>>> print(open('work39.cif').read())   # mmCIF, C-alpha atoms and all ligand atoms
data_start
#
loop_
_atom_site.label_atom_id
_atom_site.label_comp_id
_atom_site.auth_asym_id
_atom_site.auth_seq_id
_atom_site.Cartn_x
_atom_site.Cartn_y
_atom_site.Cartn_z
CA MET K 1 82.54 79.03 114.80
CA LEU K 2 81.76 75.37 114.37
CA GLN K 3 82.02 74.52 118.08
CA GLY K 4 79.09 72.26 118.98
CA LYS K 5 77.60 72.27 115.48
CA LYS K 6 76.14 69.03 114.21
CA ILE K 7 77.17 68.13 110.69
CA ILE K 8 76.11 65.29 108.42
CA LEU K 9 78.84 64.64 105.89
CA GLY K 10 77.32 62.93 102.86
CA LEU K 11 79.72 60.87 100.80
CA SER K 12 78.86 59.78 97.29
CA GLY K 13 81.00 57.62 95.05
CA GLY K 14 83.87 59.63 93.68
CA ILE K 15 87.62 59.35 93.98
CA ALA K 16 87.61 62.71 95.78
CA ALA K 17 86.14 60.85 98.80
CA TYR K 18 89.71 60.47 100.05
CA LYS K 19 89.89 64.27 100.44
CA SER K 20 86.78 64.18 102.62
CA LEU K 21 88.80 62.37 105.28
CA THR K 22 90.70 65.63 105.78
CA LEU K 23 87.39 67.49 105.85
CA ILE K 24 86.15 65.26 108.71
CA ARG K 25 89.36 66.05 110.63
CA LEU K 26 88.88 69.79 110.08
CA PHE K 27 85.28 69.67 111.33
CA ILE K 28 86.20 67.60 114.39
CA LYS K 29 89.18 69.81 115.21
CA ALA K 30 86.89 72.87 115.08
CA GLY K 31 84.65 71.25 117.71
CA ALA K 32 81.82 70.04 115.46
CA GLU K 33 80.13 66.65 115.72
CA VAL K 34 80.17 64.68 112.49
CA ARG K 35 78.01 61.78 111.34
CA ILE K 36 78.68 60.17 107.98
CA VAL K 37 75.97 59.15 105.54
CA ALA K 38 77.40 57.31 102.56
CA THR K 39 76.19 55.76 99.34
CA GLU K 40 77.13 52.19 98.50
CA SER K 41 79.56 53.41 95.82
CA ALA K 42 81.27 55.81 98.25
CA MET K 43 82.28 52.83 100.37
CA TRP K 44 84.43 51.57 97.46
CA PHE K 45 86.71 54.57 97.88
CA VAL K 46 87.19 54.78 101.66
CA THR K 47 86.88 52.22 104.41
CA ARG K 48 84.28 52.07 107.13
CA VAL K 49 86.99 51.77 109.76
CA THR K 50 88.67 55.01 108.61
CA LEU K 51 85.37 56.93 108.53
CA GLU K 52 84.23 55.66 111.91
CA SER K 53 87.61 56.28 113.53
CA LEU K 54 87.80 59.84 112.26
CA SER K 55 84.17 60.79 112.95
CA HIS K 56 83.86 58.80 116.21
CA ASN K 57 80.46 57.67 114.94
CA LYS K 58 78.89 54.81 113.03
CA VAL K 59 78.53 55.24 109.28
CA TYR K 60 74.96 55.19 108.01
CA ASP K 61 74.91 53.60 104.55
CA LYS K 62 71.96 51.20 104.54
CA VAL K 63 68.37 52.37 104.88
CA PHE K 64 67.30 49.09 106.47
CA GLY K 65 70.53 47.92 108.10
CA SER K 66 70.10 45.93 111.34
CA GLU K 67 73.07 47.89 112.76
CA ASN K 68 71.10 51.18 112.59
CA ASP K 69 70.10 52.68 115.93
CA TYR K 70 66.58 53.49 114.72
CA THR K 71 64.35 52.01 112.04
CA THR K 72 63.98 55.48 110.59
CA GLU K 73 67.62 56.49 110.87
CA HIS K 74 67.29 59.04 108.02
CA ILE K 75 64.73 60.98 110.07
CA SER K 76 66.47 60.86 113.44
CA LEU K 77 69.79 61.79 111.82
CA THR K 78 68.40 64.66 109.81
CA ASP K 79 66.50 66.01 112.81
CA TRP K 80 69.78 65.92 114.75
CA ALA K 81 71.94 67.79 112.22
CA ASP K 82 72.30 71.57 111.76
CA VAL K 83 73.70 71.26 108.27
CA MET K 84 74.46 68.66 105.58
CA VAL K 85 77.60 68.76 103.46
CA VAL K 86 77.75 66.42 100.47
CA ALA K 87 81.39 66.05 99.44
CA PRO K 88 82.13 64.58 97.03
CA ALA K 89 78.79 65.18 95.31
CA THR K 90 78.52 63.12 92.14
CA ALA K 91 76.29 63.98 89.17
CA ASN K 92 74.13 61.08 90.27
CA ILE K 93 73.40 62.27 93.83
CA ILE K 94 72.74 65.82 92.57
CA GLY K 95 70.43 64.39 89.91
CA LYS K 96 68.53 62.41 92.52
CA TYR K 97 68.24 65.40 94.86
CA ALA K 98 67.01 67.65 92.06
CA ASN K 99 64.42 65.13 90.94
CA GLY K 100 63.09 63.92 94.27
CA ILE K 101 64.55 60.42 94.13
CA ALA K 102 65.22 58.75 97.48
CA ASP K 103 66.50 55.21 97.00
CA ASP K 104 69.47 54.89 99.35
CA ALA K 105 70.72 56.18 102.71
CA LEU K 106 72.11 59.47 101.36
CA SER K 107 69.34 60.43 98.93
CA THR K 108 66.70 59.53 101.54
CA SER K 109 68.45 61.65 104.17
CA LEU K 110 68.73 64.55 101.72
CA MET K 111 65.03 64.39 101.03
CA ALA K 112 64.20 64.40 104.73
CA PHE K 113 66.53 67.32 105.48
CA ASP K 114 64.97 70.79 105.51
CA LYS K 115 67.98 72.89 106.59
CA LYS K 116 71.03 74.13 104.68
CA VAL K 117 72.72 71.66 102.34
CA PHE K 118 76.15 72.20 100.77
CA PHE K 119 77.23 70.29 97.69
CA ALA K 120 80.86 70.05 96.57
CA PRO K 121 80.57 68.55 93.08
CA ALA K 122 83.31 66.24 91.85
CA MET K 123 83.28 64.67 88.41
CA ASN K 124 84.77 64.60 84.94
CA CYS K 125 84.63 67.97 83.16
CA LYS K 126 82.35 66.66 80.39
CA MET K 127 79.92 65.35 82.99
CA PHE K 128 80.10 68.73 84.73
CA GLU K 129 79.20 70.55 81.52
CA ASN K 130 76.41 68.10 80.65
CA PHE K 131 73.13 69.92 80.00
CA ALA K 132 71.02 67.79 82.33
CA PHE K 133 73.56 68.09 85.13
CA GLN K 134 73.75 71.88 84.69
CA ARG K 135 69.95 72.10 84.81
CA ASN K 136 69.91 70.01 88.02
CA LEU K 137 72.66 72.10 89.58
CA GLN K 138 70.83 75.34 88.80
CA TYR K 139 67.57 73.92 90.09
CA ILE K 140 68.92 72.83 93.47
CA GLN K 141 70.68 76.18 93.83
CA GLU K 142 67.44 78.01 93.13
CA ASN K 143 65.89 75.93 95.88
CA GLY K 144 68.42 76.97 98.49
CA ALA K 145 71.32 74.51 98.15
CA ALA K 146 74.80 76.02 98.41
CA ILE K 147 77.21 74.90 95.70
CA ILE K 148 80.91 74.88 96.42
CA GLU K 149 82.10 75.24 92.85
CA PRO K 150 84.65 72.66 91.71
CA ALA K 151 88.09 73.85 90.72
CA GLU K 152 89.71 73.57 87.30
CA GLY K 153 92.74 71.37 86.93
CA TYR K 154 93.99 67.83 86.51
CA LEU K 155 91.22 65.25 86.95
CA ALA K 156 91.62 61.63 88.05
CA CYS K 157 90.35 60.46 84.64
CA GLY K 158 93.29 62.15 82.91
CA TYR K 159 91.31 65.14 81.63
CA GLU K 160 92.10 68.77 82.46
CA GLY K 161 89.10 70.96 83.19
CA LYS K 162 86.43 71.97 85.68
CA GLY K 163 85.18 69.22 87.95
CA ARG K 164 87.84 68.66 90.58
CA MET K 165 86.31 68.79 94.04
CA GLU K 166 87.29 71.94 95.90
CA GLU K 167 89.97 71.42 98.56
CA PRO K 168 88.76 70.36 102.05
CA GLU K 169 89.99 73.66 103.52
CA SER K 170 87.75 75.68 101.14
CA ILE K 171 84.73 73.47 101.85
CA PHE K 172 85.40 73.89 105.56
CA ARG K 173 85.61 77.68 105.15
CA ALA K 174 82.29 77.83 103.27
CA VAL K 175 80.53 75.95 106.09
CA GLU K 176 82.28 78.07 108.71
CA GLN K 177 81.22 81.28 106.92
CA TYR K 178 77.63 80.07 106.93
CA PHE K 179 77.64 79.80 110.72
CA ASP K 180 79.87 82.83 111.21
CA ALA K 181 77.73 85.30 109.33
CA ASP K 182 77.94 88.01 111.94
CA SER K 183 74.81 89.43 113.31
CA GLU K 184 74.72 92.96 111.92
CA LEU K 185 72.38 92.10 109.04
CA LYS K 186 71.07 88.84 110.44
CA ASP K 187 67.47 88.11 109.45
CA LYS K 188 67.66 90.70 106.67
CA GLN K 189 66.71 89.69 103.15
CA ILE K 190 68.42 91.80 100.50
CA LEU K 191 67.90 91.89 96.77
CA ILE K 192 70.78 92.76 94.44
CA THR K 193 70.82 93.06 90.67
CA ALA K 194 74.17 92.82 88.92
CA GLY K 195 75.84 92.64 85.54
CA PRO K 196 74.60 93.60 82.10
CA THR K 197 71.49 92.46 80.31
CA GLN K 198 71.50 91.18 76.74
CA GLU K 199 68.71 91.99 74.33
CA ALA K 200 68.50 89.58 71.41
CA ILE K 201 68.33 90.88 67.84
CA ASP K 202 68.32 87.43 66.24
CA PRO K 203 69.60 84.02 67.39
CA VAL K 204 73.20 85.16 66.86
CA ARG K 205 73.36 88.81 67.89
CA TYR K 206 72.38 90.90 70.84
CA ILE K 207 72.67 94.39 72.26
CA GLY K 208 74.64 94.48 75.49
CA ASN K 209 77.07 96.61 77.46
CA HIS K 210 80.46 96.40 79.15
CA SER K 211 79.27 95.65 82.69
CA THR K 212 81.07 92.68 84.26
CA GLY K 213 78.98 92.45 87.44
CA LYS K 214 82.02 92.78 89.73
CA MET K 215 80.54 95.56 91.87
CA GLY K 216 77.23 93.78 92.43
CA PHE K 217 78.89 90.46 93.22
CA ALA K 218 81.29 92.12 95.68
CA LEU K 219 78.31 93.75 97.36
CA ALA K 220 76.39 90.46 97.56
CA GLU K 221 79.40 88.77 99.21
CA GLU K 222 79.84 91.64 101.68
CA LEU K 223 76.17 91.68 102.71
CA ALA K 224 76.11 87.89 103.09
CA LYS K 225 79.25 88.09 105.22
CA ARG K 226 77.38 90.48 107.51
CA GLY K 227 74.63 87.93 107.97
CA ALA K 228 72.07 88.89 105.31
CA ARG K 229 70.34 86.43 103.02
CA VAL K 230 70.96 87.78 99.55
CA ASP K 231 68.98 87.21 96.36
CA LEU K 232 71.44 88.02 93.60
CA ILE K 233 69.79 88.47 90.22
CA ALA K 234 72.62 88.33 87.72
CA GLY K 235 72.75 89.08 84.03
CA PRO K 236 75.23 87.13 81.87
CA VAL K 237 78.58 87.40 83.69
CA HIS K 238 81.64 85.23 84.22
CA LEU K 239 81.65 85.33 88.00
CA ALA K 240 81.01 82.77 90.71
CA VAL K 241 79.49 83.34 94.12
CA SER K 242 81.11 81.80 97.14
CA HIS K 243 79.04 82.68 100.20
CA PRO K 244 76.37 80.08 101.01
CA ASN K 245 73.83 82.75 102.01
CA ILE K 246 73.73 84.09 98.46
CA HIS K 247 70.92 82.76 96.34
CA ARG K 248 71.75 83.43 92.72
CA VAL K 249 69.19 83.76 89.95
CA ASP K 250 70.63 83.97 86.43
CA VAL K 251 68.78 85.98 83.81
CA VAL K 252 69.61 87.30 80.35
CA THR K 253 67.23 90.09 79.38
CA ALA K 254 65.97 93.22 81.16
CA GLU K 255 62.45 91.83 81.16
CA GLN K 256 63.61 88.63 82.89
CA MET K 257 65.53 90.69 85.45
CA TYR K 258 62.42 92.82 85.98
CA GLU K 259 60.20 89.75 86.57
CA ALA K 260 62.72 88.18 88.96
CA ALA K 261 63.16 91.42 90.93
CA LEU K 262 59.43 92.11 91.20
CA GLN K 263 58.79 88.61 92.42
CA ARG K 264 61.40 88.81 95.20
CA PHE K 265 61.11 92.44 96.29
CA PRO K 266 57.99 92.11 98.50
CA SER K 267 59.86 89.83 100.93
CA ALA K 268 63.05 91.92 100.90
CA HIS K 269 64.08 94.44 103.55
CA ALA K 270 66.27 96.24 101.03
CA ALA K 271 67.24 96.27 97.37
CA ILE K 272 70.42 97.59 95.81
CA LEU K 273 70.31 97.67 92.05
CA THR K 274 73.75 97.69 90.50
CA ALA K 275 72.88 96.13 87.14
CA ALA K 276 73.55 97.96 83.90
CA VAL K 277 70.14 97.27 82.45
CA ALA K 278 69.66 97.86 78.74
CA ASP K 279 67.23 100.77 78.50
CA TYR K 280 65.91 99.55 75.14
CA ARG K 281 65.41 96.25 73.34
CA PRO K 282 64.79 95.51 69.66
CA GLU K 283 61.06 95.57 69.01
CA THR K 284 61.21 92.33 67.09
CA HIS K 285 63.33 89.33 67.86
CA HIS K 286 64.06 87.69 64.50
CA SER K 287 63.81 83.92 64.77
CA HIS K 288 66.34 83.48 61.95
CA LYS K 289 69.72 85.09 61.51
CA ILE K 290 69.35 88.40 59.68
CA LYS K 291 71.15 88.04 56.33
CA ARG K 292 73.51 90.72 55.06
CA THR K 293 72.25 92.84 52.16
CA ARG K 294 73.56 95.98 50.50
CA GLU K 295 70.77 98.05 52.11
CA PRO K 296 71.17 100.00 55.36
CA LEU K 297 69.58 98.19 58.29
CA SER K 298 67.61 99.95 60.97
CA LEU K 299 66.36 98.39 64.15
CA LYS K 300 63.37 99.78 65.96
CA MET K 301 64.02 99.82 69.70
CA VAL K 302 61.38 99.88 72.40
CA PRO K 303 61.92 100.88 76.05
CA ASN K 304 62.56 98.25 78.70
CA PRO K 305 60.91 98.49 82.10
CA ASP K 306 62.83 100.57 84.64
CA ILE K 307 63.33 98.03 87.41
CA LEU K 308 64.58 100.51 89.99
CA ALA K 309 61.73 102.97 89.40
CA SER K 310 59.18 100.11 89.60
CA LEU K 311 60.55 98.96 92.96
CA GLY K 312 60.53 102.60 94.09
CA LYS K 313 56.79 102.72 93.36
CA MET K 314 56.11 99.41 95.11
CA LYS K 315 58.19 100.30 98.14
CA LYS K 316 56.52 99.89 101.54
CA GLU K 317 57.46 101.73 104.70
CA ASN K 318 60.67 100.27 106.18
CA GLN K 319 61.92 98.95 102.84
CA VAL K 320 65.15 100.55 101.68
CA ILE K 321 66.13 100.98 98.05
CA ALA K 322 69.43 102.11 96.61
CA GLY K 323 70.50 102.56 93.03
CA PHE K 324 73.62 103.27 91.09
CA ALA K 325 74.17 106.11 88.68
CA LEU K 326 76.87 106.04 86.06
CA GLU K 327 77.26 109.53 84.73
CA THR K 328 79.57 111.35 82.36
CA THR K 329 78.26 114.93 82.78
CA ASP K 330 76.62 116.96 85.61
CA GLU K 331 77.23 113.94 87.79
CA LEU K 332 75.91 115.09 91.15
CA ASP K 333 72.89 116.83 89.69
CA ASN K 334 71.88 113.84 87.61
CA ALA K 335 72.36 111.49 90.56
CA ARG K 336 70.13 113.66 92.77
CA LYS K 337 67.44 113.68 90.07
CA LYS K 338 67.54 109.88 89.82
CA LEU K 339 67.38 109.57 93.60
CA GLN K 340 64.17 111.61 93.66
CA ALA K 341 62.57 110.32 90.49
CA LYS K 342 63.05 106.68 91.51
CA ASN K 343 62.11 107.19 95.19
CA LEU K 344 65.40 105.92 96.67
CA GLU K 345 67.01 106.12 100.10
CA PHE K 346 70.43 106.58 98.56
CA ILE K 347 72.27 106.46 95.28
CA VAL K 348 75.85 105.46 94.52
CA LEU K 349 77.37 107.66 91.89
CA ASN K 350 80.32 106.69 89.81
CA SER K 351 81.70 108.83 87.10
CA LEU K 352 83.25 107.42 83.97
CA ASN K 353 85.55 110.46 84.09
CA ASP K 354 87.37 109.03 87.11
CA GLN K 355 90.34 106.82 86.33
CA GLY K 356 89.90 103.32 87.79
CA ALA K 357 86.11 103.68 88.13
CA GLY K 358 83.49 101.95 86.03
CA PHE K 359 83.32 98.82 83.93
CA GLY K 360 85.62 95.82 84.26
CA THR K 361 88.12 97.35 86.70
CA ASP K 362 88.76 95.91 90.17
CA THR K 363 88.55 99.40 91.66
CA ASN K 364 85.86 102.03 91.92
CA LYS K 365 85.52 105.63 93.09
CA VAL K 366 82.08 106.51 94.33
CA THR K 367 80.07 109.27 95.92
CA ILE K 368 77.01 108.33 97.96
CA VAL K 369 74.12 110.77 98.02
CA ASP K 370 71.18 110.08 100.31
CA ASN K 371 67.60 111.31 100.55
CA LYS K 372 68.61 113.81 103.27
CA ASN K 373 71.05 115.25 100.76
CA GLN K 374 74.08 114.05 102.68
CA ILE K 375 77.00 113.58 100.36
CA GLU K 376 79.92 111.27 101.10
CA ARG K 377 82.86 111.23 98.71
CA PHE K 378 85.14 108.19 98.81
CA GLU K 379 88.65 107.64 97.48
CA LEU K 380 89.53 105.19 94.72
CA LYS K 381 89.37 101.74 96.37
CA SER K 382 88.98 98.07 95.55
CA LYS K 383 85.39 97.12 94.68
CA LYS K 384 85.44 94.94 97.81
CA ALA K 385 86.21 98.00 99.96
CA VAL K 386 83.55 100.04 98.14
CA ALA K 387 81.09 97.21 98.84
CA SER K 388 81.89 97.58 102.52
CA ASP K 389 81.20 101.36 102.43
CA ILE K 390 77.86 100.73 100.70
CA ALA K 391 76.98 97.99 103.22
CA ASP K 392 77.73 100.46 106.06
CA LYS K 393 75.35 102.97 104.51
CA LEU K 394 72.65 100.35 104.07
CA SER K 395 73.07 99.19 107.67
CA ASP K 396 72.52 102.77 108.87
CA PHE K 397 69.21 102.90 107.00
CA LEU K 398 68.09 99.47 108.19
CA ARG K 399 68.86 100.24 111.82
N1 LIG K 401 68.01 100.67 86.28
C1 LIG K 401 67.04 99.70 86.33
N2 LIG K 401 66.31 99.41 85.23
C2 LIG K 401 66.52 100.05 84.07
C3 LIG K 401 67.52 101.04 84.00
C4 LIG K 401 68.24 101.32 85.14
O1 LIG K 401 66.86 99.10 87.41
N3 LIG K 401 65.79 99.72 83.01
C5 LIG K 401 68.76 100.99 87.51
C6 LIG K 401 70.23 100.66 87.48
O2 LIG K 401 70.47 99.36 87.99
C7 LIG K 401 70.83 101.73 88.36
C8 LIG K 401 69.90 102.91 88.15
O3 LIG K 401 68.70 102.39 87.63
O4 LIG K 401 70.75 101.37 89.72
C9 LIG K 401 70.39 104.00 87.26
O5 LIG K 401 70.78 103.48 86.04
P1 LIG K 401 71.28 104.45 84.88
O6 LIG K 401 71.50 103.63 83.65
O7 LIG K 401 72.43 105.30 85.39
O8 LIG K 401 70.04 105.41 84.74
P2 LIG K 401 68.83 105.47 83.80
O9 LIG K 401 67.64 105.54 84.68
O10 LIG K 401 68.87 104.41 82.78
O11 LIG K 401 69.05 106.89 83.17
P3 LIG K 401 70.01 107.39 82.00
O12 LIG K 401 70.40 106.16 81.22
O13 LIG K 401 69.17 108.33 81.27
O14 LIG K 401 71.18 108.04 82.69
#
>>> encode(input="work39.cif", output="C-alpha cells", more="lines below")
Ligand code: CTP
Amino acid sequence: MLQGKKIILGLSGGIAAYKSLTLIRLFIKAGAEVRIVATESAMWFVTRVTLESLSHNKVYDKVFGSENDYTTEHISLTDWADVMVVAPATANIIGKYANGIADDALSTSLMAFDKKVFFAPAMNCKMFENFAFQRNLQYIQENGAAIIEPAEGYLACGYEGKGRMEEPESIFRAVEQYFDADSELKDKQILITAGPTQEAIDPVRYIGNHSTGKMGFALAEELAKRGARVDLIAGPVHLAVSHPNIHRVDVVTAEQMYEAALQRFPSAHAAILTAAVADYRPETHHSHKIKRTREPLSLKMVPNPDILASLGKMKKENQVIAGFALETTDELDNARKKLQAKNLEFIVLNSLNDQGAGFGTDTNKVTIVDNKNQIERFELKSKKAVASDIADKLSDFLR
C-alpha cells in the first residue's frame, strides 16, 4: 500500500525520463505524495510544467535556487521522504552516488538520504556493461540500494541489448512490494546461500557443479515477500533478484562464500543454506594455463570449509539453521545424520532419484525433517511453491 507514503522521484538525464511521467501518475493514483528532484540534464527531456502538474509540487533542481522553500532544501526534502526512487538512473548519477560526489540537487539529496533508495538504470548497453559502472552498481547494492534491473531490448540509440529502463508499472510494483512486505517475518534478518561455487584450477578452468541457484533465489524472494530482510550469498548464477529487501552478495569460491556467511551470520535470526558448495578445491591454483602434455595429469584436492557445520557450531540460542541434503541413496537416513552432525533445526531433503527434482529444473520434490524427527513429505511442485513450504517451516521455528 502506498497510501500516504512520501516519495522523492529522482530524475537524471536520460530519454527514459518520459516514462517516469507515467510512474508519477501511478504513485499519485495509489495515494502517495511525490516530490521531484531533477538534475539539470533531466530537464532537457521533460518540462517543469509537466512534472509540477503531475506531482502537484515544485521541482527541486537547483541547490541554491531562490525559488526553494528552504536554504537547505536537500535536507528538508530528504527528512520528509520515506523512500527515494531514481528513474531514470544514468551511469553518471550512479557513479556519483557510489563515489560520494554531491554536486547538484539530486546527488546532494541522495547523499543526505539515509532510507531506502531504488535505482532504475537506463543507458546504452555498452555503458551498462562498462567495468567501472558494474563496479559502482555492485557497490551501491552492497550498501543497501535496490536495483530495478533494466530490460533487454531496443534502445533509443539504435542498439539492442540490456539497458532499457524497466517499465513504470514494474518500478511501481517494486516500490509497492517494499512497503507491502507483510508482517509475518518483519524485523527478521535471514541469510541464504545459493548456487554453485567454482574452484579455479588455472586461469581458464575450474571445478564446479550443475546447481543453477533457482531454489535459493526462490526462497530469498519468498522470505522477502513475507517481510524479512534477506542476505543472499550467491555463487556464479544467471539469475536476478527482484525484491528490494534482498541484499545480494556475489561470490565465486567456497572460501569466499564461507567468509561472507560467517561475517553476516551473527546478526541473522536464521540461515538457510541451499548452495551446492564444492567440498574440495585444487590445492594449487596455477597462475598460468596448464599446458597439455602426453602424461596423465593428477590434481591434488584439499577440503573446503563446511559452511553449514561452521554456522551450526557458532549458533546462539534463538538462531535457526536449516540445510539442504541432496542424496542418491539411503536418503532419509543420510539427511537425519546431516541434521544432527551440523546442529540444524531442520533439513530439506531432495533426492536425485525423483523425476523433476534437483538441478536446473523449475520444480522440486522435497521432504522436510526437523530436529524433533517430524517428517513432512511434499508433492512435486514449482520451486516457488516449495519455497513457500520451507518459509512456513521456518516461520514456525521463529515464532
Ligand atoms: N554445505 C555447506 N558447505 C559445504 C558443503 C555443504 O554449507 N562445504 C551445506 C549445503 O549448502 C547443504 C548442506 O551443507 O545445505 C548439505 O550439503 P551436501 O552436499 O548434501 O552434504 P555434505 O555435507 O557435503 O555431505 P556429502 O557430500 O558427503 O553428502
>>> residues_near_ligand(input="work39.cif", ligand="ligand LIG 401 (chain K)", cutoff="9 Å", atoms="all atoms listed in the file", output="count of residues only")
39
>>> closest_residue(input="work39.cif", among="K:Ala234, K:Gly14, K:Asp79, K:Val251", to="Arg164 of chain K", atoms="only C-alpha atoms")
K:Gly14
>>> closest_residue(input="work39.cif", among="K:Gly144, K:Gly213, K:Pro282, K:Pro203", to="Val230 of chain K", atoms="all atoms listed in the file")
K:Gly144
>>> atom_distance(input="work39.cif", atom1="atom CA of Asp389 of chain K", atom2="atom CA of Met215 of chain K")
12.1 Å
>>> residues_around(input="work39.cif", residues="Leu106 of chain K", least_positions_apart="5", cutoff="12 Å", atoms="all atoms listed in the file", output="VMD selection string")
chain K and resid 8 to 13 35 to 42 59 to 63 73 to 75 77 to 78 84 to 87 89 to 90 92 to 94 96 to 97 101 111 to 113
>>> write_last_selection(input="work39.cif", atoms="C-alpha atoms", output="PDB file, keeping the file's coordinate frame")
ATOM      1  CA  ILE K   8      76.110  65.290 108.420  1.00  0.00           C
ATOM      2  CA  LEU K   9      78.840  64.640 105.890  1.00  0.00           C
ATOM      3  CA  GLY K  10      77.320  62.930 102.860  1.00  0.00           C
ATOM      4  CA  LEU K  11      79.720  60.870 100.800  1.00  0.00           C
ATOM      5  CA  SER K  12      78.860  59.780  97.290  1.00  0.00           C
ATOM      6  CA  GLY K  13      81.000  57.620  95.050  1.00  0.00           C
ATOM      7  CA  ARG K  35      78.010  61.780 111.340  1.00  0.00           C
ATOM      8  CA  ILE K  36      78.680  60.170 107.980  1.00  0.00           C
ATOM      9  CA  VAL K  37      75.970  59.150 105.540  1.00  0.00           C
ATOM     10  CA  ALA K  38      77.400  57.310 102.560  1.00  0.00           C
ATOM     11  CA  THR K  39      76.190  55.760  99.340  1.00  0.00           C
ATOM     12  CA  GLU K  40      77.130  52.190  98.500  1.00  0.00           C
ATOM     13  CA  SER K  41      79.560  53.410  95.820  1.00  0.00           C
ATOM     14  CA  ALA K  42      81.270  55.810  98.250  1.00  0.00           C
ATOM     15  CA  VAL K  59      78.530  55.240 109.280  1.00  0.00           C
ATOM     16  CA  TYR K  60      74.960  55.190 108.010  1.00  0.00           C
ATOM     17  CA  ASP K  61      74.910  53.600 104.550  1.00  0.00           C
ATOM     18  CA  LYS K  62      71.960  51.200 104.540  1.00  0.00           C
ATOM     19  CA  VAL K  63      68.370  52.370 104.880  1.00  0.00           C
ATOM     20  CA  GLU K  73      67.620  56.490 110.870  1.00  0.00           C
ATOM     21  CA  HIS K  74      67.290  59.040 108.020  1.00  0.00           C
ATOM     22  CA  ILE K  75      64.730  60.980 110.070  1.00  0.00           C
ATOM     23  CA  LEU K  77      69.790  61.790 111.820  1.00  0.00           C
ATOM     24  CA  THR K  78      68.400  64.660 109.810  1.00  0.00           C
ATOM     25  CA  MET K  84      74.460  68.660 105.580  1.00  0.00           C
ATOM     26  CA  VAL K  85      77.600  68.760 103.460  1.00  0.00           C
ATOM     27  CA  VAL K  86      77.750  66.420 100.470  1.00  0.00           C
ATOM     28  CA  ALA K  87      81.390  66.050  99.440  1.00  0.00           C
ATOM     29  CA  ALA K  89      78.790  65.180  95.310  1.00  0.00           C
ATOM     30  CA  THR K  90      78.520  63.120  92.140  1.00  0.00           C
ATOM     31  CA  ASN K  92      74.130  61.080  90.270  1.00  0.00           C
ATOM     32  CA  ILE K  93      73.400  62.270  93.830  1.00  0.00           C
ATOM     33  CA  ILE K  94      72.740  65.820  92.570  1.00  0.00           C
ATOM     34  CA  LYS K  96      68.530  62.410  92.520  1.00  0.00           C
ATOM     35  CA  TYR K  97      68.240  65.400  94.860  1.00  0.00           C
ATOM     36  CA  ILE K 101      64.550  60.420  94.130  1.00  0.00           C
ATOM     37  CA  MET K 111      65.030  64.390 101.030  1.00  0.00           C
ATOM     38  CA  ALA K 112      64.200  64.400 104.730  1.00  0.00           C
ATOM     39  CA  PHE K 113      66.530  67.320 105.480  1.00  0.00           C
TER      40      PHE K 113
END
